[in-house]
Structure formats: structure tokens, C-alpha cells
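Visitor: My structure is in data01.json, and what it holds is JSON, C-alpha atoms:
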```json
[["chain", "number", "residue", "atom", "x", "y", "z"],
["R", 89, "MET", "CA", -8.72, -5.83, 12.12],
["R", 90, "ALA", "CA", -9.23, -4.44, 8.60],
["R", 91, "VAL", "CA", -10.96, -6.61, 6.01],
["R", 92, "ALA", "CA", -12.07, -6.08, 2.41],
["R", 93, "GLU", "CA", -15.44, -4.67, 3.49],
["R", 94, "ASP", "CA", -13.66, -1.82, 5.30],
["R", 95, "LEU", "CA", -12.58, -0.28, 1.99],
["R", 96, "ASP", "CA", -15.96, 1.47, 1.63],
["R", 97, "ARG", "CA", -16.15, 2.93, 5.14],
["R", 98, "ALA", "CA", -12.50, 3.79, 5.80],
["R", 99, "THR", "CA", -11.17, 7.30, 6.31],
["R", 100, "ASP", "CA", -9.08, 8.61, 3.41],
["R", 101, "SER", "CA", -5.46, 9.70, 3.43],
["R", 102, "THR", "CA", -4.83, 13.22, 4.71],
["R", 103, "TRP", "CA", -3.02, 13.96, 1.44],
["R", 104, "ASP", "CA", -5.71, 15.44, -0.83],
["R", 105, "TRP", "CA", -4.35, 14.03, -4.11],
["R", 106, "VAL", "CA", -4.14, 10.52, -2.60],
["R", 107, "ALA", "CA", -7.66, 10.82, -1.14],
["R", 108, "ASP", "CA", -9.02, 12.01, -4.51],
["R", 109, "HIS", "CA", -7.32, 9.12, -6.31],
["R", 110, "THR", "CA", -8.64, 6.61, -3.77],
["R", 111, "ARG", "CA", -12.23, 7.87, -4.01],
["R", 112, "ARG", "CA", -12.13, 7.87, -7.83],
["R", 113, "TYR", "CA", -10.68, 4.34, -7.83],
["R", 114, "LEU", "CA", -13.35, 2.95, -5.51],
["R", 115, "ALA", "CA", -16.26, 4.86, -7.11],
["R", 116, "SER", "CA", -15.37, 3.36, -10.49],
["R", 117, "GLY", "CA", -15.14, -0.18, -9.15],
["R", 118, "GLY", "CA", -11.42, -0.16, -9.89],
["R", 119, "THR", "CA", -11.62, 0.81, -13.58],
["R", 120, "ASP", "CA", -10.45, 4.42, -13.07],
["R", 121, "GLY", "CA", -7.24, 4.79, -11.10],
["R", 122, "HIS", "CA", -5.91, 1.24, -11.21],
["R", 123, "GLU", "CA", -3.40, 2.31, -13.84],
["R", 124, "GLU", "CA", -2.22, 5.86, -13.26],
["R", 125, "HIS", "CA", 0.81, 7.51, -14.90],
["R", 126, "GLY", "CA", 2.03, 4.16, -16.23],
["R", 127, "VAL", "CA", 2.00, 2.31, -12.89],
["R", 128, "HIS", "CA", -0.56, 0.04, -11.25],
["R", 129, "ASN", "CA", -2.19, 1.07, -7.98],
["R", 130, "LEU", "CA", -4.13, -0.73, -5.29],
["R", 131, "VAL", "CA", -6.22, 0.56, -2.41],
["R", 132, "LEU", "CA", -5.10, -0.56, 1.05],
["R", 133, "ALA", "CA", -7.26, -0.39, 4.18],
["R", 134, "THR", "CA", -5.51, -0.69, 7.54],
["R", 135, "THR", "CA", -6.73, -0.37, 11.12],
["R", 136, "GLY", "CA", -5.68, 2.84, 12.86],
["R", 137, "ARG", "CA", -3.35, 1.81, 15.66],
["R", 138, "LYS", "CA", -4.71, 4.52, 17.99],
["R", 139, "SER", "CA", -8.29, 4.97, 16.80],
["R", 140, "GLY", "CA", -9.09, 1.38, 15.86],
["R", 141, "GLU", "CA", -10.90, 2.81, 12.81],
["R", 142, "PRO", "CA", -10.20, 1.74, 9.22],
["R", 143, "ARG", "CA", -7.94, 4.00, 7.14],
["R", 144, "ARG", "CA", -7.31, 3.76, 3.39],
["R", 145, "THR", "CA", -4.77, 4.90, 0.84],
["R", 146, "CYS", "CA", -3.71, 4.21, -2.75],
["R", 147, "LEU", "CA", -0.30, 2.66, -3.35],
["R", 148, "ILE", "CA", 1.80, 1.58, -6.31],
["R", 149, "TYR", "CA", 2.18, -2.19, -6.36],
["R", 150, "GLY", "CA", 4.07, -5.05, -7.93],
["R", 151, "THR", "CA", 3.47, -8.78, -7.70],
["R", 152, "SER", "CA", 5.49, -11.74, -6.47],
["R", 153, "GLY", "CA", 3.69, -14.98, -7.18],
["R", 154, "GLU", "CA", 0.20, -14.59, -5.68],
["R", 155, "ASP", "CA", 1.37, -11.80, -3.35],
["R", 156, "PHE", "CA", 1.21, -8.05, -3.87],
["R", 157, "VAL", "CA", 4.19, -5.86, -2.97],
["R", 158, "VAL", "CA", 4.09, -2.22, -1.82],
["R", 159, "VAL", "CA", 6.74, 0.21, -0.60],
["R", 160, "ALA", "CA", 6.47, 2.39, 2.52],
["R", 161, "SER", "CA", 8.42, 5.28, 1.02],
["R", 162, "LYS", "CA", 6.44, 8.40, 2.02],
["R", 163, "GLY", "CA", 8.50, 10.21, -0.60],
["R", 164, "GLY", "CA", 11.73, 9.63, 1.31],
["R", 165, "SER", "CA", 10.48, 11.24, 4.51],
["R", 166, "VAL", "CA", 12.39, 10.60, 7.73],
["R", 167, "GLU", "CA", 9.39, 8.77, 9.20],
["R", 168, "ASN", "CA", 7.40, 5.83, 7.93],
["R", 169, "PRO", "CA", 3.90, 6.42, 6.56],
["R", 170, "ALA", "CA", 0.99, 5.95, 8.98],
["R", 171, "TRP", "CA", -0.44, 3.04, 6.95],
["R", 172, "TYR", "CA", 2.81, 1.13, 7.51],
["R", 173, "THR", "CA", 2.83, 1.76, 11.27],
["R", 174, "ASN", "CA", -0.82, 0.69, 11.35],
["R", 175, "LEU", "CA", -0.20, -2.65, 9.65],
["R", 176, "LEU", "CA", 2.71, -3.39, 11.97],
["R", 177, "ALA", "CA", 0.22, -3.15, 14.84],
["R", 178, "GLU", "CA", -2.52, -5.10, 12.99],
["R", 179, "PRO", "CA", -1.48, -7.03, 9.88],
["R", 180, "SER", "CA", -5.01, -7.86, 8.66],
["R", 181, "VAL", "CA", -5.74, -5.47, 5.77],
["R", 182, "GLY", "CA", -8.38, -4.90, 3.12],
["R", 183, "VAL", "CA", -7.16, -4.60, -0.47],
["R", 184, "GLN", "CA", -8.67, -3.68, -3.82],
["R", 185, "VAL", "CA", -6.68, -4.37, -7.00],
["R", 186, "GLY", "CA", -8.68, -3.29, -10.04],
["R", 187, "ALA", "CA", -12.14, -4.79, -9.47],
["R", 188, "ARG", "CA", -10.85, -7.53, -7.13],
["R", 189, "ARG", "CA", -11.36, -7.08, -3.38],
["R", 190, "PHE", "CA", -9.89, -9.29, -0.70],
["R", 191, "THR", "CA", -8.59, -9.47, 2.84],
["R", 192, "ALA", "CA", -4.84, -9.98, 3.12],
["R", 193, "ARG", "CA", -2.14, -10.52, 5.70],
["R", 194, "ALA", "CA", 0.57, -7.85, 5.57],
["R", 195, "ARG", "CA", 4.15, -8.47, 6.55],
["R", 196, "VAL", "CA", 7.50, -6.78, 6.10],
["R", 197, "ALA", "CA", 9.68, -8.54, 3.54],
["R", 198, "THR", "CA", 12.41, -10.67, 5.10],
["R", 199, "ASP", "CA", 16.03, -9.65, 4.62],
["R", 200, "ALA", "CA", 16.40, -12.36, 1.97],
["R", 201, "GLU", "CA", 13.29, -11.17, 0.09],
["R", 202, "ARG", "CA", 13.90, -7.45, 0.35],
["R", 203, "ALA", "CA", 16.69, -6.92, -2.21],
["R", 204, "PRO", "CA", 14.96, -8.55, -5.19],
["R", 205, "LEU", "CA", 11.59, -7.06, -4.26],
["R", 206, "TRP", "CA", 13.13, -3.59, -3.87],
["R", 207, "GLU", "CA", 14.79, -3.92, -7.29],
["R", 208, "MET", "CA", 11.47, -4.95, -8.83],
["R", 209, "MET", "CA", 9.64, -2.01, -7.27],
["R", 210, "ALA", "CA", 12.38, 0.45, -8.29],
["R", 211, "ARG", "CA", 12.01, -0.76, -11.89],
["R", 212, "ILE", "CA", 8.26, -0.17, -11.65],
["R", 213, "PHE", "CA", 8.69, 3.26, -10.05],
["R", 214, "PRO", "CA", 12.28, 4.59, -10.36],
["R", 215, "LEU", "CA", 11.67, 7.48, -7.94],
["R", 216, "TYR", "CA", 11.92, 4.96, -5.09],
["R", 217, "GLU", "CA", 15.72, 5.05, -5.56],
["R", 218, "GLU", "CA", 15.69, 8.85, -5.16],
["R", 219, "TYR", "CA", 13.48, 8.53, -2.08],
["R", 220, "ALA", "CA", 15.95, 6.04, -0.57],
["R", 221, "ARG", "CA", 18.80, 8.52, -1.08],
["R", 222, "LYS", "CA", 16.80, 11.26, 0.68],
["R", 223, "THR", "CA", 16.41, 9.39, 3.96],
["R", 224, "GLU", "CA", 18.59, 7.54, 6.43],
["R", 225, "ARG", "CA", 15.90, 4.94, 7.18],
["R", 226, "GLN", "CA", 15.69, 1.75, 5.19],
["R", 227, "ILE", "CA", 12.43, 2.09, 3.29],
["R", 228, "PRO", "CA", 10.26, -0.93, 4.13],
["R", 229, "VAL", "CA", 8.99, -3.32, 1.49],
["R", 230, "VAL", "CA", 5.66, -4.91, 2.43],
["R", 231, "VAL", "CA", 4.18, -8.17, 1.16],
["R", 232, "LEU", "CA", 0.39, -8.54, 1.05],
["R", 233, "THR", "CA", -0.77, -12.17, 0.95],
["R", 234, "PRO", "CA", -4.45, -12.62, -0.05],
["R", 235, "LEU", "CA", -6.49, -14.73, 2.39],
["R", 236, "ASP", "CA", -9.54, -15.15, 0.19]]
```
Show how you would write the structure in this file as C-alpha cells.
Guide:
Amino acid sequence: MAVAEDLDRATDSTWDWVADHTRRYLASGGTDGHEEHGVHNLVLATTGRKSGEPRRTCLIYGTSGEDFVVVASKGGSVENPAWYTNLLAEPSVGVQVGARRFTARARVATDAERAPLWEMMARIFPLYEEYARKTERQIPVVVLTPLD
């Protein structure tokens, strides 16, 4: 079960540029890397579904009320990203948004929520539409609800 404290001890993404971004973000206390290339990013820590160890990655986010919204695009790959599969197995996650750290409950957006949340995220990061065209899977939209 990942919690906010796991952000510091989690294993980074296997993608070097994501791992570099994540380390820079956390080392700066959220001041460097929160806004990158005109979009806002958060750091997400999940629990590895096989290893049981915390894993972390940086993701573009939007907001819906008090919740944070992320997209499991993996650039339009045929498979979902590992962080998404991890949170399906264990929905307790650690999150850092700027300097704020918290534990959250992750869930896949309901069918009724998905369309407006997808539209919001595609406005924030238009490449999501291209990613959706590249794959036959429906790219998941995930809602992160802070618990503290």
C-alpha cells in the first residue's frame, strides 16, 4: 500500500527522461519540474503488483474539484503503463503536487465521468488525442482523491 512517505524511497520509472524528471522534481521539493513544457506534473508512487515495492513516475495532471486527474496513455502503446496496472491491484498511492504531499485513493473514472475528464486532459495535453488514435485500447483516465 503506497503512501506519501513512499515517494522518497520508491524505484524510478525505467524511462530515463521520466526518472530524471522525477528525481529533479523531488530533489527541489516540487519547485523544479512541477511545470514543464507548459503543463503541470505530479509524482505518483504506486505499489508494484508483483514486487510489493513502491514505484514512482511523473505524470501530467488536471484537477476536478479536490481530485487530481491523470491519463494512462503510455504514448498510445498497445498496453497500459505499469503504474496503472499497479494501482488497479492496490489503489492506495502517494502523490506530490508541487510542494504538497499526500496519500490518495486511485480509481478509474466512471463511464459518466470519463468523457468530460478526457476532454479536459486533451485540452491540457493535445497529444493525448493522437495517442488515442494510435491504439485500439481505450486509454484510461484515473482520478486521485486525496485522503489527507
Visitor: Can you tell me, as a ChimeraX atom specification, what residues are no more than 10 Å from Leu215 in chain R when counting all atoms listed in the file, ignoring any on the same chain fewer than 6 positions away?
Guide: /R:161,163-164,209,221
Visitor: If we count all atoms listed in the file, what is near range 91-106 of chain R at a cut-off of 9 Å, once residues fewer than 2 positions away on the same chain are taken out, given as a PDB file with C-alpha atoms, keeping the file's coordinate frame?
Guide:
```pdb
ATOM      1  CA  MET R  89      -8.720  -5.830  12.120  1.00  0.00           C
ATOM      2  CA  ASP R 108      -9.020  12.010  -4.510  1.00  0.00           C
ATOM      3  CA  HIS R 109      -7.320   9.120  -6.310  1.00  0.00           C
ATOM      4  CA  THR R 110      -8.640   6.610  -3.770  1.00  0.00           C
ATOM      5  CA  ARG R 111     -12.230   7.870  -4.010  1.00  0.00           C
ATOM      6  CA  LEU R 114     -13.350   2.950  -5.510  1.00  0.00           C
ATOM      7  CA  VAL R 131      -6.220   0.560  -2.410  1.00  0.00           C
ATOM      8  CA  LEU R 132      -5.100  -0.560   1.050  1.00  0.00           C
ATOM      9  CA  ALA R 133      -7.260  -0.390   4.180  1.00  0.00           C
ATOM     10  CA  THR R 134      -5.510  -0.690   7.540  1.00  0.00           C
ATOM     11  CA  THR R 135      -6.730  -0.370  11.120  1.00  0.00           C
ATOM     12  CA  GLU R 141     -10.900   2.810  12.810  1.00  0.00           C
ATOM     13  CA  PRO R 142     -10.200   1.740   9.220  1.00  0.00           C
ATOM     14  CA  ARG R 143      -7.940   4.000   7.140  1.00  0.00           C
ATOM     15  CA  ARG R 144      -7.310   3.760   3.390  1.00  0.00           C
ATOM     16  CA  THR R 145      -4.770   4.900   0.840  1.00  0.00           C
ATOM     17  CA  CYS R 146      -3.710   4.210  -2.750  1.00  0.00           C
ATOM     18  CA  LEU R 147      -0.300   2.660  -3.350  1.00  0.00           C
ATOM     19  CA  SER R 180      -5.010  -7.860   8.660  1.00  0.00           C
ATOM     20  CA  VAL R 181      -5.740  -5.470   5.770  1.00  0.00           C
ATOM     21  CA  GLY R 182      -8.380  -4.900   3.120  1.00  0.00           C
ATOM     22  CA  VAL R 183      -7.160  -4.600  -0.470  1.00  0.00           C
ATOM     23  CA  GLN R 184      -8.670  -3.680  -3.820  1.00  0.00           C
ATOM     24  CA  ARG R 189     -11.360  -7.080  -3.380  1.00  0.00           C
ATOM     25  CA  PHE R 190      -9.890  -9.290  -0.700  1.00  0.00           C
ATOM     26  CA  THR R 191      -8.590  -9.470   2.840  1.00  0.00           C
ATOM     27  CA  ALA R 192      -4.840  -9.980   3.120  1.00  0.00           C
TER      28      ALA R 192
END
```
Visitor: Go ahead and compute the interatomic distance for CA of Thr119 in chain R and CA of Gly150 in chain R, in Å to one decimal.
Guide: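 Going from CA of Thr119 in chain R over to CA of Gly150 in chain R covers 17.7 Å.
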Visitor: Between R:Glu178, R:Glu224, R:Glu154, R:Glu218, which one has atoms that come closest to Arg193 in chain R, using all atoms listed in the file?
Guide: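 With all atoms listed in the file as the atom set, the closest residue is R:Glu178.
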Visitor: Give me, as number ranges by chain, all polymer residues having an atom no more than 7 Å from Ile148 in chain R, counting all atoms listed in the file and skipping those fewer than 3 positions away in the same chain.
Guide: R: 127-130, 158
Visitor: Suppose you want the space between CA of Ala203 in chain R and CA of Thr173 in chain R; what is it in Å?
Guide: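 If I compute the distance from CA of Ala203 in chain R to CA of Thr173 in chain R, I get 21.2 Å.
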Visitor: Counting all atoms listed in the file, write as number ranges by chain all protein and nucleic acid residues lying at most 6 Å from (-15.9, -4.8, -7.3) in the file's frame.
Guide: R: 117, 187-188
Visitor: Rounded to one decimal in Å, what is the spacing between CA of Val231 in chain R and CA of Ala90 in chain R?
Guide: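 Computing it gives 15.8 Å between the two atoms.
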Visitor: Taking all atoms listed in the file into account, which of R:Pro169, R:Pro214, R:Pro179, R:Pro204 comes nearest Thr151 in chain R?
Guide: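 Smallest separation from Thr151 in chain R among the options: R:Pro204.
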Visitor: Of the residues R:Pro228, R:Pro234, R:Gly118, R:Gly136, which is the one nearest to Trp171 in chain R, using only C-alpha atoms?
Guide: R:Gly136
Visitor: Between R:Ala220, R:Asp155, R:Val229, R:Gly186, which is the closest to Glu201 in chain R once you count all atoms listed in the file?
Guide: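 Using all atoms listed in the file, Glu201 in chain R sits closest to R:Val229.
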Visitor: Between R:Lys222, R:Ile212, R:Lys138, R:Glu123, which has the minimum distance to Leu175 in chain R (counting all atoms listed in the file)?
Guide: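 Nearest to Leu175 in chain R: R:Lys138.
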